[in-house]
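K.L.:
Okay, so here is data-v6.cif, and as you'll see once you scroll down, it has mmCIF, N, CA and C atoms.
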```cif
data_model
#
loop_
_atom_site.label_atom_id
_atom_site.label_comp_id
_atom_site.auth_asym_id
_atom_site.auth_seq_id
_atom_site.Cartn_x
_atom_site.Cartn_y
_atom_site.Cartn_z
N MET A 1 31.67 74.55 117.52
CA MET A 1 31.77 74.53 118.97
C MET A 1 30.83 75.57 119.58
N ALA A 2 30.51 76.60 118.82
CA ALA A 2 29.59 77.62 119.34
C ALA A 2 28.24 77.01 119.70
N LEU A 3 27.73 76.09 118.88
CA LEU A 3 26.46 75.44 119.20
C LEU A 3 26.57 74.58 120.45
N ALA A 4 27.68 73.89 120.62
CA ALA A 4 27.88 73.08 121.81
C ALA A 4 27.94 73.97 123.05
N LEU A 5 28.60 75.11 122.95
CA LEU A 5 28.63 76.04 124.08
C LEU A 5 27.24 76.58 124.41
N ASP A 6 26.44 76.85 123.38
CA ASP A 6 25.06 77.28 123.63
C ASP A 6 24.29 76.21 124.39
N GLU A 7 24.47 74.95 124.01
CA GLU A 7 23.81 73.85 124.71
C GLU A 7 24.31 73.73 126.15
N ALA A 8 25.58 73.98 126.37
CA ALA A 8 26.14 73.94 127.73
C ALA A 8 25.53 75.05 128.59
N ARG A 9 25.37 76.23 128.01
CA ARG A 9 24.75 77.34 128.75
C ARG A 9 23.30 77.01 129.10
N LYS A 10 22.57 76.41 128.17
CA LYS A 10 21.19 76.01 128.44
C LYS A 10 21.14 74.97 129.55
N ALA A 11 22.08 74.03 129.54
CA ALA A 11 22.13 73.02 130.60
C ALA A 11 22.35 73.69 131.95
N ALA A 12 23.28 74.63 132.01
CA ALA A 12 23.55 75.34 133.26
C ALA A 12 22.31 76.07 133.75
N ALA A 13 21.58 76.69 132.84
CA ALA A 13 20.36 77.41 133.22
C ALA A 13 19.31 76.47 133.80
N ARG A 14 19.36 75.19 133.42
CA ARG A 14 18.44 74.18 133.97
C ARG A 14 18.97 73.55 135.25
N GLY A 15 20.16 73.98 135.67
CA GLY A 15 20.77 73.41 136.87
C GLY A 15 21.61 72.17 136.61
N GLU A 16 21.81 71.86 135.34
CA GLU A 16 22.63 70.71 134.96
C GLU A 16 24.09 71.13 134.83
N VAL A 17 25.01 70.18 134.98
CA VAL A 17 26.42 70.48 134.73
C VAL A 17 26.53 70.96 133.28
N PRO A 18 27.15 72.12 133.07
CA PRO A 18 27.15 72.74 131.74
C PRO A 18 28.09 72.09 130.73
N VAL A 19 27.59 71.03 130.13
CA VAL A 19 28.29 70.37 129.04
C VAL A 19 27.32 70.30 127.87
N GLY A 20 27.79 70.68 126.70
CA GLY A 20 26.97 70.63 125.49
C GLY A 20 27.70 69.90 124.39
N ALA A 21 26.92 69.31 123.47
CA ALA A 21 27.50 68.55 122.37
C ALA A 21 26.65 68.68 121.12
N VAL A 22 27.30 68.54 119.98
CA VAL A 22 26.62 68.49 118.69
C VAL A 22 27.30 67.44 117.82
N ILE A 23 26.53 66.86 116.91
CA ILE A 23 27.08 65.94 115.92
C ILE A 23 26.74 66.48 114.54
N LEU A 24 27.77 66.52 113.69
CA LEU A 24 27.61 66.94 112.31
C LEU A 24 27.78 65.74 111.39
N SER A 25 27.00 65.73 110.33
CA SER A 25 27.08 64.67 109.32
C SER A 25 28.39 64.80 108.55
N PRO A 26 28.73 63.79 107.74
CA PRO A 26 29.94 63.90 106.92
C PRO A 26 29.96 65.13 106.02
N SER A 27 28.78 65.61 105.63
CA SER A 27 28.71 66.80 104.78
C SER A 27 28.64 68.10 105.58
N GLY A 28 28.67 67.99 106.92
CA GLY A 28 28.66 69.17 107.77
C GLY A 28 27.30 69.62 108.23
N ASP A 29 26.26 68.85 107.95
CA ASP A 29 24.91 69.20 108.41
C ASP A 29 24.73 68.82 109.87
N LEU A 30 24.00 69.64 110.60
CA LEU A 30 23.73 69.37 112.01
C LEU A 30 22.75 68.20 112.12
N LEU A 31 23.16 67.15 112.81
CA LEU A 31 22.29 65.99 113.03
C LEU A 31 21.63 66.04 114.40
N ALA A 32 22.37 66.50 115.41
CA ALA A 32 21.82 66.51 116.77
C ALA A 32 22.59 67.49 117.64
N GLN A 33 21.90 68.01 118.65
CA GLN A 33 22.52 68.89 119.63
C GLN A 33 21.83 68.67 120.96
N ALA A 34 22.61 68.75 122.03
CA ALA A 34 22.04 68.52 123.36
C ALA A 34 23.00 69.02 124.43
N GLY A 35 22.43 69.27 125.59
CA GLY A 35 23.20 69.54 126.79
C GLY A 35 22.90 68.44 127.79
N ASN A 36 23.68 68.38 128.84
CA ASN A 36 23.44 67.38 129.87
C ASN A 36 22.00 67.42 130.36
N GLU A 37 21.42 66.25 130.62
CA GLU A 37 20.06 66.15 131.14
C GLU A 37 19.97 65.08 132.23
N VAL A 38 21.06 64.89 132.94
CA VAL A 38 21.12 63.86 133.99
C VAL A 38 20.05 64.07 135.04
N LEU A 39 19.93 65.29 135.54
CA LEU A 39 18.94 65.58 136.59
C LEU A 39 17.51 65.52 136.05
N ALA A 40 17.30 66.13 134.90
CA ALA A 40 15.95 66.20 134.33
C ALA A 40 15.40 64.81 134.02
N ARG A 41 16.26 63.94 133.51
CA ARG A 41 15.81 62.59 133.14
C ARG A 41 15.97 61.58 134.27
N LYS A 42 16.64 62.04 135.34
CA LYS A 42 16.98 61.12 136.43
C LYS A 42 17.68 59.88 135.87
N ASP A 43 18.67 60.17 135.02
CA ASP A 43 19.39 59.14 134.27
C ASP A 43 20.88 59.47 134.28
N PRO A 44 21.68 58.67 134.96
CA PRO A 44 23.11 58.97 135.03
C PRO A 44 23.83 58.88 133.69
N THR A 45 23.18 58.29 132.69
CA THR A 45 23.81 58.21 131.37
C THR A 45 23.39 59.34 130.44
N ALA A 46 22.60 60.27 130.90
CA ALA A 46 22.08 61.35 130.04
C ALA A 46 23.10 62.48 129.88
N HIS A 47 24.34 62.10 129.58
CA HIS A 47 25.37 63.08 129.27
C HIS A 47 25.09 63.63 127.87
N ALA A 48 25.55 64.83 127.61
CA ALA A 48 25.32 65.47 126.31
C ALA A 48 25.77 64.59 125.16
N GLU A 49 26.93 63.95 125.30
CA GLU A 49 27.45 63.10 124.23
C GLU A 49 26.53 61.92 123.96
N MET A 50 26.06 61.29 125.01
CA MET A 50 25.18 60.12 124.85
C MET A 50 23.88 60.54 124.17
N LEU A 51 23.35 61.70 124.56
CA LEU A 51 22.10 62.16 123.98
C LEU A 51 22.23 62.46 122.49
N VAL A 52 23.35 63.10 122.10
CA VAL A 52 23.49 63.41 120.67
C VAL A 52 23.81 62.17 119.85
N ILE A 53 24.53 61.24 120.42
CA ILE A 53 24.81 59.98 119.70
C ILE A 53 23.49 59.25 119.46
N ARG A 54 22.66 59.14 120.48
CA ARG A 54 21.36 58.47 120.32
C ARG A 54 20.49 59.18 119.29
N ALA A 55 20.43 60.50 119.37
CA ALA A 55 19.58 61.27 118.45
C ALA A 55 20.09 61.17 117.02
N ALA A 56 21.39 61.27 116.82
CA ALA A 56 21.95 61.20 115.47
C ALA A 56 21.75 59.81 114.87
N ALA A 57 21.95 58.78 115.68
CA ALA A 57 21.75 57.41 115.20
C ALA A 57 20.29 57.20 114.79
N ALA A 58 19.38 57.71 115.59
CA ALA A 58 17.95 57.60 115.25
C ALA A 58 17.64 58.36 113.97
N MET A 59 18.26 59.53 113.82
CA MET A 59 17.99 60.36 112.64
C MET A 59 18.45 59.67 111.35
N ILE A 60 19.63 59.07 111.38
CA ILE A 60 20.13 58.44 110.15
C ILE A 60 19.71 56.97 110.04
N GLY A 61 19.15 56.43 111.10
CA GLY A 61 18.67 55.05 111.05
C GLY A 61 19.77 54.01 111.09
N SER A 62 20.84 54.30 111.83
CA SER A 62 21.95 53.36 111.94
C SER A 62 22.66 53.54 113.27
N GLU A 63 23.20 52.45 113.79
CA GLU A 63 23.99 52.53 115.03
C GLU A 63 25.40 53.04 114.74
N ARG A 64 25.77 53.11 113.50
CA ARG A 64 27.09 53.60 113.10
C ARG A 64 26.97 55.02 112.57
N LEU A 65 27.81 55.87 113.10
CA LEU A 65 27.84 57.28 112.67
C LEU A 65 29.12 57.54 111.88
N ASN A 66 29.39 56.64 110.95
CA ASN A 66 30.60 56.75 110.13
C ASN A 66 30.68 58.11 109.46
N GLY A 67 31.84 58.74 109.57
CA GLY A 67 32.05 60.02 108.93
C GLY A 67 31.51 61.21 109.68
N CYS A 68 30.83 60.97 110.79
CA CYS A 68 30.26 62.08 111.58
C CYS A 68 31.29 62.62 112.57
N ASP A 69 31.13 63.89 112.90
CA ASP A 69 32.03 64.56 113.84
C ASP A 69 31.26 65.01 115.06
N LEU A 70 31.87 64.83 116.22
CA LEU A 70 31.28 65.21 117.50
C LEU A 70 32.06 66.38 118.09
N TYR A 71 31.33 67.41 118.48
CA TYR A 71 31.90 68.57 119.17
C TYR A 71 31.30 68.59 120.56
N VAL A 72 32.15 68.64 121.58
CA VAL A 72 31.67 68.65 122.96
C VAL A 72 32.54 69.61 123.77
N THR A 73 31.93 70.26 124.73
CA THR A 73 32.63 71.31 125.47
C THR A 73 33.62 70.79 126.50
N LEU A 74 33.50 69.53 126.90
CA LEU A 74 34.37 68.96 127.92
C LEU A 74 34.86 67.59 127.47
N GLU A 75 36.08 67.27 127.82
CA GLU A 75 36.63 65.94 127.52
C GLU A 75 35.64 64.87 127.95
N PRO A 76 35.26 63.98 127.05
CA PRO A 76 34.29 62.94 127.41
C PRO A 76 34.80 62.01 128.51
N CYS A 77 33.87 61.55 129.34
CA CYS A 77 34.19 60.58 130.37
C CYS A 77 34.39 59.21 129.70
N ALA A 78 34.78 58.21 130.48
CA ALA A 78 35.03 56.88 129.93
C ALA A 78 33.78 56.29 129.28
N MET A 79 32.61 56.47 129.89
CA MET A 79 31.36 55.96 129.33
C MET A 79 31.12 56.57 127.95
N CYS A 80 31.24 57.88 127.85
CA CYS A 80 30.98 58.56 126.59
C CYS A 80 32.05 58.24 125.56
N ALA A 81 33.29 58.12 125.99
CA ALA A 81 34.36 57.76 125.06
C ALA A 81 34.10 56.39 124.45
N GLN A 82 33.65 55.44 125.26
CA GLN A 82 33.34 54.11 124.73
C GLN A 82 32.18 54.18 123.73
N ALA A 83 31.17 54.98 124.04
CA ALA A 83 30.05 55.14 123.11
C ALA A 83 30.51 55.79 121.81
N ILE A 84 31.42 56.73 121.89
CA ILE A 84 31.98 57.37 120.70
C ILE A 84 32.68 56.34 119.83
N SER A 85 33.44 55.45 120.46
CA SER A 85 34.11 54.38 119.73
C SER A 85 33.10 53.44 119.09
N LEU A 86 32.11 53.00 119.85
CA LEU A 86 31.11 52.07 119.33
C LEU A 86 30.30 52.68 118.18
N ALA A 87 30.08 53.99 118.23
CA ALA A 87 29.33 54.67 117.18
C ALA A 87 30.18 54.95 115.94
N ARG A 88 31.46 54.75 116.06
CA ARG A 88 32.40 54.97 114.95
C ARG A 88 32.46 56.43 114.51
N ILE A 89 32.41 57.32 115.50
CA ILE A 89 32.55 58.76 115.23
C ILE A 89 33.91 58.99 114.55
N ARG A 90 33.92 59.79 113.49
CA ARG A 90 35.15 60.05 112.74
C ARG A 90 36.12 60.95 113.50
N ARG A 91 35.60 62.08 113.98
CA ARG A 91 36.44 63.06 114.67
C ARG A 91 35.77 63.53 115.94
N LEU A 92 36.57 63.67 116.99
CA LEU A 92 36.12 64.22 118.26
C LEU A 92 36.85 65.53 118.48
N TYR A 93 36.06 66.60 118.66
CA TYR A 93 36.59 67.91 119.01
C TYR A 93 36.07 68.25 120.39
N TYR A 94 36.95 68.59 121.31
CA TYR A 94 36.45 68.99 122.62
C TYR A 94 37.18 70.22 123.15
N GLY A 95 36.50 70.88 124.08
CA GLY A 95 37.02 72.13 124.63
C GLY A 95 37.98 71.91 125.77
N ALA A 96 37.46 71.83 126.98
CA ALA A 96 38.28 71.75 128.19
C ALA A 96 38.65 70.31 128.53
N ASP A 97 39.87 70.13 129.03
CA ASP A 97 40.28 68.84 129.58
C ASP A 97 39.52 68.60 130.88
N ASP A 98 39.32 67.32 131.19
CA ASP A 98 38.70 66.93 132.46
C ASP A 98 39.66 66.00 133.18
N GLN A 99 40.55 66.59 133.99
CA GLN A 99 41.57 65.82 134.68
C GLN A 99 40.99 64.90 135.74
N LYS A 100 39.80 65.20 136.19
CA LYS A 100 39.17 64.40 137.24
C LYS A 100 38.38 63.21 136.68
N SER A 101 37.60 63.43 135.65
CA SER A 101 36.69 62.39 135.15
C SER A 101 36.83 62.11 133.66
N GLY A 102 37.84 62.65 133.03
CA GLY A 102 38.01 62.44 131.60
C GLY A 102 38.30 60.99 131.26
N GLY A 103 37.99 60.62 130.04
CA GLY A 103 38.25 59.26 129.59
C GLY A 103 39.01 59.20 128.29
N VAL A 104 39.50 60.36 127.84
CA VAL A 104 40.21 60.43 126.56
C VAL A 104 41.71 60.65 126.80
N ARG A 105 42.06 61.77 127.36
CA ARG A 105 43.46 62.09 127.66
C ARG A 105 43.79 61.88 129.14
N HIS A 106 42.79 61.72 129.95
CA HIS A 106 42.96 61.51 131.38
C HIS A 106 42.21 60.24 131.77
N GLY A 107 42.37 59.82 133.01
CA GLY A 107 41.60 58.67 133.49
C GLY A 107 41.80 57.43 132.65
N GLY A 108 40.68 56.85 132.19
CA GLY A 108 40.69 55.57 131.49
C GLY A 108 41.37 55.54 130.13
N ARG A 109 41.51 56.68 129.50
CA ARG A 109 42.14 56.76 128.17
C ARG A 109 41.63 55.64 127.27
N ILE A 110 40.34 55.64 127.09
CA ILE A 110 39.64 54.57 126.39
C ILE A 110 40.21 54.28 125.01
N PHE A 111 40.54 55.30 124.25
CA PHE A 111 40.97 55.10 122.87
C PHE A 111 42.37 54.49 122.77
N SER A 112 43.13 54.48 123.85
CA SER A 112 44.46 53.86 123.81
C SER A 112 44.44 52.43 124.34
N GLN A 113 43.27 51.95 124.73
CA GLN A 113 43.15 50.58 125.23
C GLN A 113 43.15 49.59 124.07
N GLN A 114 43.78 48.44 124.26
CA GLN A 114 43.84 47.42 123.23
C GLN A 114 42.44 46.94 122.84
N SER A 115 41.52 46.97 123.78
CA SER A 115 40.16 46.49 123.51
C SER A 115 39.30 47.50 122.74
N CYS A 116 39.81 48.69 122.50
CA CYS A 116 39.05 49.71 121.77
C CYS A 116 39.08 49.39 120.28
N HIS A 117 37.91 49.23 119.70
CA HIS A 117 37.80 48.84 118.30
C HIS A 117 37.94 49.99 117.31
N HIS A 118 37.62 51.18 117.75
CA HIS A 118 37.68 52.34 116.85
C HIS A 118 38.15 53.55 117.63
N LYS A 119 39.11 54.26 117.07
CA LYS A 119 39.61 55.48 117.68
C LYS A 119 39.35 56.64 116.73
N PRO A 120 38.59 57.65 117.18
CA PRO A 120 38.39 58.82 116.32
C PRO A 120 39.65 59.68 116.29
N ASP A 121 39.73 60.53 115.30
CA ASP A 121 40.75 61.58 115.34
C ASP A 121 40.33 62.51 116.47
N ILE A 122 41.27 62.93 117.29
CA ILE A 122 40.96 63.72 118.49
C ILE A 122 41.63 65.08 118.39
N TYR A 123 40.83 66.12 118.63
CA TYR A 123 41.31 67.49 118.64
C TYR A 123 40.79 68.16 119.90
N SER A 124 41.68 68.72 120.68
CA SER A 124 41.25 69.35 121.94
C SER A 124 41.61 70.83 121.96
N GLY A 125 41.05 71.52 122.93
CA GLY A 125 41.38 72.93 123.13
C GLY A 125 40.50 73.91 122.38
N PHE A 126 39.41 73.44 121.77
CA PHE A 126 38.52 74.33 121.04
C PHE A 126 37.62 75.09 122.01
N ALA A 127 37.70 76.42 122.00
CA ALA A 127 36.95 77.27 122.93
C ALA A 127 37.19 76.81 124.37
N GLU A 128 38.41 76.38 124.61
CA GLU A 128 38.76 75.81 125.91
C GLU A 128 38.50 76.76 127.07
N ARG A 129 38.92 78.00 126.93
CA ARG A 129 38.76 78.95 128.03
C ARG A 129 37.28 79.17 128.35
N GLU A 130 36.48 79.35 127.31
CA GLU A 130 35.05 79.59 127.53
C GLU A 130 34.38 78.38 128.18
N ALA A 131 34.72 77.19 127.70
CA ALA A 131 34.14 75.96 128.27
C ALA A 131 34.58 75.79 129.72
N ARG A 132 35.84 76.01 129.99
CA ARG A 132 36.38 75.88 131.35
C ARG A 132 35.76 76.92 132.28
N ASP A 133 35.66 78.16 131.82
CA ASP A 133 35.09 79.22 132.65
C ASP A 133 33.62 78.96 132.96
N LEU A 134 32.89 78.42 132.00
CA LEU A 134 31.49 78.08 132.21
C LEU A 134 31.35 77.03 133.32
N LEU A 135 32.19 76.01 133.27
CA LEU A 135 32.17 74.96 134.30
C LEU A 135 32.59 75.50 135.66
N ARG A 136 33.67 76.24 135.68
CA ARG A 136 34.15 76.79 136.96
C ARG A 136 33.12 77.71 137.59
N GLY A 137 32.51 78.57 136.78
CA GLY A 137 31.48 79.48 137.29
C GLY A 137 30.28 78.72 137.83
N PHE A 138 29.87 77.69 137.14
CA PHE A 138 28.74 76.87 137.58
C PHE A 138 29.01 76.26 138.95
N PHE A 139 30.17 75.64 139.11
CA PHE A 139 30.48 74.99 140.38
C PHE A 139 30.78 76.00 141.48
N ARG A 140 31.36 77.13 141.13
CA ARG A 140 31.59 78.20 142.12
C ARG A 140 30.25 78.71 142.65
N ASP A 141 29.30 78.94 141.75
CA ASP A 141 27.99 79.42 142.16
C ASP A 141 27.27 78.39 143.04
N ARG A 142 27.44 77.12 142.73
CA ARG A 142 26.81 76.07 143.54
C ARG A 142 27.40 76.03 144.95
N ARG A 143 28.73 76.22 145.04
CA ARG A 143 29.37 76.24 146.36
C ARG A 143 28.91 77.45 147.17
N ASP A 144 28.80 78.59 146.48
CA ASP A 144 28.44 79.83 147.17
C ASP A 144 27.00 79.84 147.64
N THR A 145 26.11 79.12 146.92
CA THR A 145 24.69 79.13 147.31
C THR A 145 24.30 77.85 148.05
N GLY A 146 25.17 76.88 148.06
CA GLY A 146 24.85 75.59 148.67
C GLY A 146 25.19 75.54 150.08
#
```
Could you render the structure as structure tokens?
P.N.:
Amino acid sequence: MALALDEARKAAARGEVPVGAVILSPSGDLLAQAGNEVLARKDPTAHAEMLVIRAAAAMIGSERLNGCDLYVTLEPCAMCAQAISLARIRRLYYGADDQKSGGVRHGGRIFSQQSCHHKPDIYSGFAEREARDLLRGFFRDRRDTG
């Protein structure tokens, strides 16, 4: 989770919402790491999770990331949760809950839908305070300067 937090900090420094993600191979090797790049790419799908899923899939040469684990600083949104399912991620570890836009434990609850073909093992609360404080500070600073 430390690498994901580093990516979130880098995203914040670029003016992006501070969310970072990493994917580890079944053997624990780092396959991909990224922070949000929505503004930089002018792409609403350039969430950290989407970027690492794409990069890891390209690295291993498969659309399936069987046995891989995803670490992300914020509860994935519904779009990212669906991509996690389609990629067949083994385990999802995330930091802070997202009561407003989450898609795992809040909102759409993608993995509990009957149409969901694959549900990863889900673990939440990893470095939760640090991830939450990073997000709160980012949005507080934007309100204060905006």
K.L.:
I need the residue nearest A:Met59 from this list: A:Ser25, A:Gln113, A:Ser101, A:Thr145. Use only C-alpha atoms for the distance.
P.N.:
A:Ser25
K.L.:
Apply DSSP to the backbone of this structure and, from stretch 22-51 of chain A, keep only the residues in strand (DSSP E); write these as a list in words.
P.N.:
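So the strand (DSSP E) residues in stretch 22-51 of chain A would be Val22, Ile23, Leu24, Leu30, Leu31, Ala32, Gln33, Ala34 and Gly35 of chain A.
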K.L.:
Neighbours of stretch 81-97 of chain A within 5 Å (all atoms listed in the file; same-chain residues fewer than 2 positions away dropped), as a VMD selection string?
P.N.:
chain A and resid 63 to 79 99 118 120 to 128
K.L.:
Ranking A:Leu30, A:Cys116, A:Leu135, A:Val104 by minimum distance to A:Pro18 and counting only C-alpha atoms, which one comes first?
P.N.:
A:Leu135
K.L.:
Residues picked by the PyMOL selection byres (((chain A and resi 4-10 and name CA) around 12) and name CA) here, as a VMD selection string?
P.N.:
chain A and resid 1 to 3 11 to 24 30 32 to 37 47 to 49 51 to 52 70 to 74 93 to 96 126 to 135 137 to 138
K.L.:
Using N, CA and C atoms, can you export the residues from the last selection as a tab-separated table (two decimals), in the coordinates of the input?
P.N.:
```tsv
chain	number	residue	atom	x	y	z
A	1	MET	N	31.67	74.55	117.52
A	1	MET	CA	31.77	74.53	118.97
A	1	MET	C	30.83	75.57	119.58
A	2	ALA	N	30.51	76.60	118.82
A	2	ALA	CA	29.59	77.62	119.34
A	2	ALA	C	28.24	77.01	119.70
A	3	LEU	N	27.73	76.09	118.88
A	3	LEU	CA	26.46	75.44	119.20
A	3	LEU	C	26.57	74.58	120.45
A	11	ALA	N	22.08	74.03	129.54
A	11	ALA	CA	22.13	73.02	130.60
A	11	ALA	C	22.35	73.69	131.95
A	12	ALA	N	23.28	74.63	132.01
A	12	ALA	CA	23.55	75.34	133.26
A	12	ALA	C	22.31	76.07	133.75
A	13	ALA	N	21.58	76.69	132.84
A	13	ALA	CA	20.36	77.41	133.22
A	13	ALA	C	19.31	76.47	133.80
A	14	ARG	N	19.36	75.19	133.42
A	14	ARG	CA	18.44	74.18	133.97
A	14	ARG	C	18.97	73.55	135.25
A	15	GLY	N	20.16	73.98	135.67
A	15	GLY	CA	20.77	73.41	136.87
A	15	GLY	C	21.61	72.17	136.61
A	16	GLU	N	21.81	71.86	135.34
A	16	GLU	CA	22.63	70.71	134.96
A	16	GLU	C	24.09	71.13	134.83
A	17	VAL	N	25.01	70.18	134.98
A	17	VAL	CA	26.42	70.48	134.73
A	17	VAL	C	26.53	70.96	133.28
A	18	PRO	N	27.15	72.12	133.07
A	18	PRO	CA	27.15	72.74	131.74
A	18	PRO	C	28.09	72.09	130.73
A	19	VAL	N	27.59	71.03	130.13
A	19	VAL	CA	28.29	70.37	129.04
A	19	VAL	C	27.32	70.30	127.87
A	20	GLY	N	27.79	70.68	126.70
A	20	GLY	CA	26.97	70.63	125.49
A	20	GLY	C	27.70	69.90	124.39
A	21	ALA	N	26.92	69.31	123.47
A	21	ALA	CA	27.50	68.55	122.37
A	21	ALA	C	26.65	68.68	121.12
A	22	VAL	N	27.30	68.54	119.98
A	22	VAL	CA	26.62	68.49	118.69
A	22	VAL	C	27.30	67.44	117.82
A	23	ILE	N	26.53	66.86	116.91
A	23	ILE	CA	27.08	65.94	115.92
A	23	ILE	C	26.74	66.48	114.54
A	24	LEU	N	27.77	66.52	113.69
A	24	LEU	CA	27.61	66.94	112.31
A	24	LEU	C	27.78	65.74	111.39
A	30	LEU	N	24.00	69.64	110.60
A	30	LEU	CA	23.73	69.37	112.01
A	30	LEU	C	22.75	68.20	112.12
A	32	ALA	N	22.37	66.50	115.41
A	32	ALA	CA	21.82	66.51	116.77
A	32	ALA	C	22.59	67.49	117.64
A	33	GLN	N	21.90	68.01	118.65
A	33	GLN	CA	22.52	68.89	119.63
A	33	GLN	C	21.83	68.67	120.96
A	34	ALA	N	22.61	68.75	122.03
A	34	ALA	CA	22.04	68.52	123.36
A	34	ALA	C	23.00	69.02	124.43
A	35	GLY	N	22.43	69.27	125.59
A	35	GLY	CA	23.20	69.54	126.79
A	35	GLY	C	22.90	68.44	127.79
A	36	ASN	N	23.68	68.38	128.84
A	36	ASN	CA	23.44	67.38	129.87
A	36	ASN	C	22.00	67.42	130.36
A	37	GLU	N	21.42	66.25	130.62
A	37	GLU	CA	20.06	66.15	131.14
A	37	GLU	C	19.97	65.08	132.23
A	47	HIS	N	24.34	62.10	129.58
A	47	HIS	CA	25.37	63.08	129.27
A	47	HIS	C	25.09	63.63	127.87
A	48	ALA	N	25.55	64.83	127.61
A	48	ALA	CA	25.32	65.47	126.31
A	48	ALA	C	25.77	64.59	125.16
A	49	GLU	N	26.93	63.95	125.30
A	49	GLU	CA	27.45	63.10	124.23
A	49	GLU	C	26.53	61.92	123.96
A	51	LEU	N	23.35	61.70	124.56
A	51	LEU	CA	22.10	62.16	123.98
A	51	LEU	C	22.23	62.46	122.49
A	52	VAL	N	23.35	63.10	122.10
A	52	VAL	CA	23.49	63.41	120.67
A	52	VAL	C	23.81	62.17	119.85
A	70	LEU	N	31.87	64.83	116.22
A	70	LEU	CA	31.28	65.21	117.50
A	70	LEU	C	32.06	66.38	118.09
A	71	TYR	N	31.33	67.41	118.48
A	71	TYR	CA	31.90	68.57	119.17
A	71	TYR	C	31.30	68.59	120.56
A	72	VAL	N	32.15	68.64	121.58
A	72	VAL	CA	31.67	68.65	122.96
A	72	VAL	C	32.54	69.61	123.77
A	73	THR	N	31.93	70.26	124.73
A	73	THR	CA	32.63	71.31	125.47
A	73	THR	C	33.62	70.79	126.50
A	74	LEU	N	33.50	69.53	126.90
A	74	LEU	CA	34.37	68.96	127.92
A	74	LEU	C	34.86	67.59	127.47
A	93	TYR	N	36.06	66.60	118.66
A	93	TYR	CA	36.59	67.91	119.01
A	93	TYR	C	36.07	68.25	120.39
A	94	TYR	N	36.95	68.59	121.31
A	94	TYR	CA	36.45	68.99	122.62
A	94	TYR	C	37.18	70.22	123.15
A	95	GLY	N	36.50	70.88	124.08
A	95	GLY	CA	37.02	72.13	124.63
A	95	GLY	C	37.98	71.91	125.77
A	96	ALA	N	37.46	71.83	126.98
A	96	ALA	CA	38.28	71.75	128.19
A	96	ALA	C	38.65	70.31	128.53
A	126	PHE	N	39.41	73.44	121.77
A	126	PHE	CA	38.52	74.33	121.04
A	126	PHE	C	37.62	75.09	122.01
A	127	ALA	N	37.70	76.42	122.00
A	127	ALA	CA	36.95	77.27	122.93
A	127	ALA	C	37.19	76.81	124.37
A	128	GLU	N	38.41	76.38	124.61
A	128	GLU	CA	38.76	75.81	125.91
A	128	GLU	C	38.50	76.76	127.07
A	129	ARG	N	38.92	78.00	126.93
A	129	ARG	CA	38.76	78.95	128.03
A	129	ARG	C	37.28	79.17	128.35
A	130	GLU	N	36.48	79.35	127.31
A	130	GLU	CA	35.05	79.59	127.53
A	130	GLU	C	34.38	78.38	128.18
A	131	ALA	N	34.72	77.19	127.70
A	131	ALA	CA	34.14	75.96	128.27
A	131	ALA	C	34.58	75.79	129.72
A	132	ARG	N	35.84	76.01	129.99
A	132	ARG	CA	36.38	75.88	131.35
A	132	ARG	C	35.76	76.92	132.28
A	133	ASP	N	35.66	78.16	131.82
A	133	ASP	CA	35.09	79.22	132.65
A	133	ASP	C	33.62	78.96	132.96
A	134	LEU	N	32.89	78.42	132.00
A	134	LEU	CA	31.49	78.08	132.21
A	134	LEU	C	31.35	77.03	133.32
A	135	LEU	N	32.19	76.01	133.27
A	135	LEU	CA	32.17	74.96	134.30
A	135	LEU	C	32.59	75.50	135.66
A	137	GLY	N	32.51	78.57	136.78
A	137	GLY	CA	31.48	79.48	137.29
A	137	GLY	C	30.28	78.72	137.83
A	138	PHE	N	29.87	77.69	137.14
A	138	PHE	CA	28.74	76.87	137.58
A	138	PHE	C	29.01	76.26	138.95
```
K.L.:
Atom C of A:Pro26 to atom C of A:Cys80: how many Å, to one decimal?
P.N.:
20.8 Å
K.L.:
Taking the DSSP secondary structure from the backbone, can you list the residues of stretch 2-146 of chain A that are alpha helix (DSSP H), as a count of residues only?
P.N.:
57
K.L.:
What is the distance, in Å and to one decimal place, between atom N of A:Ser27 and atom N of A:Phe111?
P.N.:
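Atom N of A:Ser27 sits 24.3 Å away from atom N of A:Phe111.
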K.L.:
Provide the atom C of A:Lys100 to atom N of A:Ala56 distance in Å, to one decimal place.
P.N.:
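Distance reported for this atom pair: 26.2 Å.
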K.L.:
Measuring between only N, CA and C atoms, which one of A:Gly102, A:Ala40, A:Arg109, A:Leu31 shows the shortest distance to A:Ile60?
P.N.:
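The closest residue to A:Ile60 is A:Leu31.
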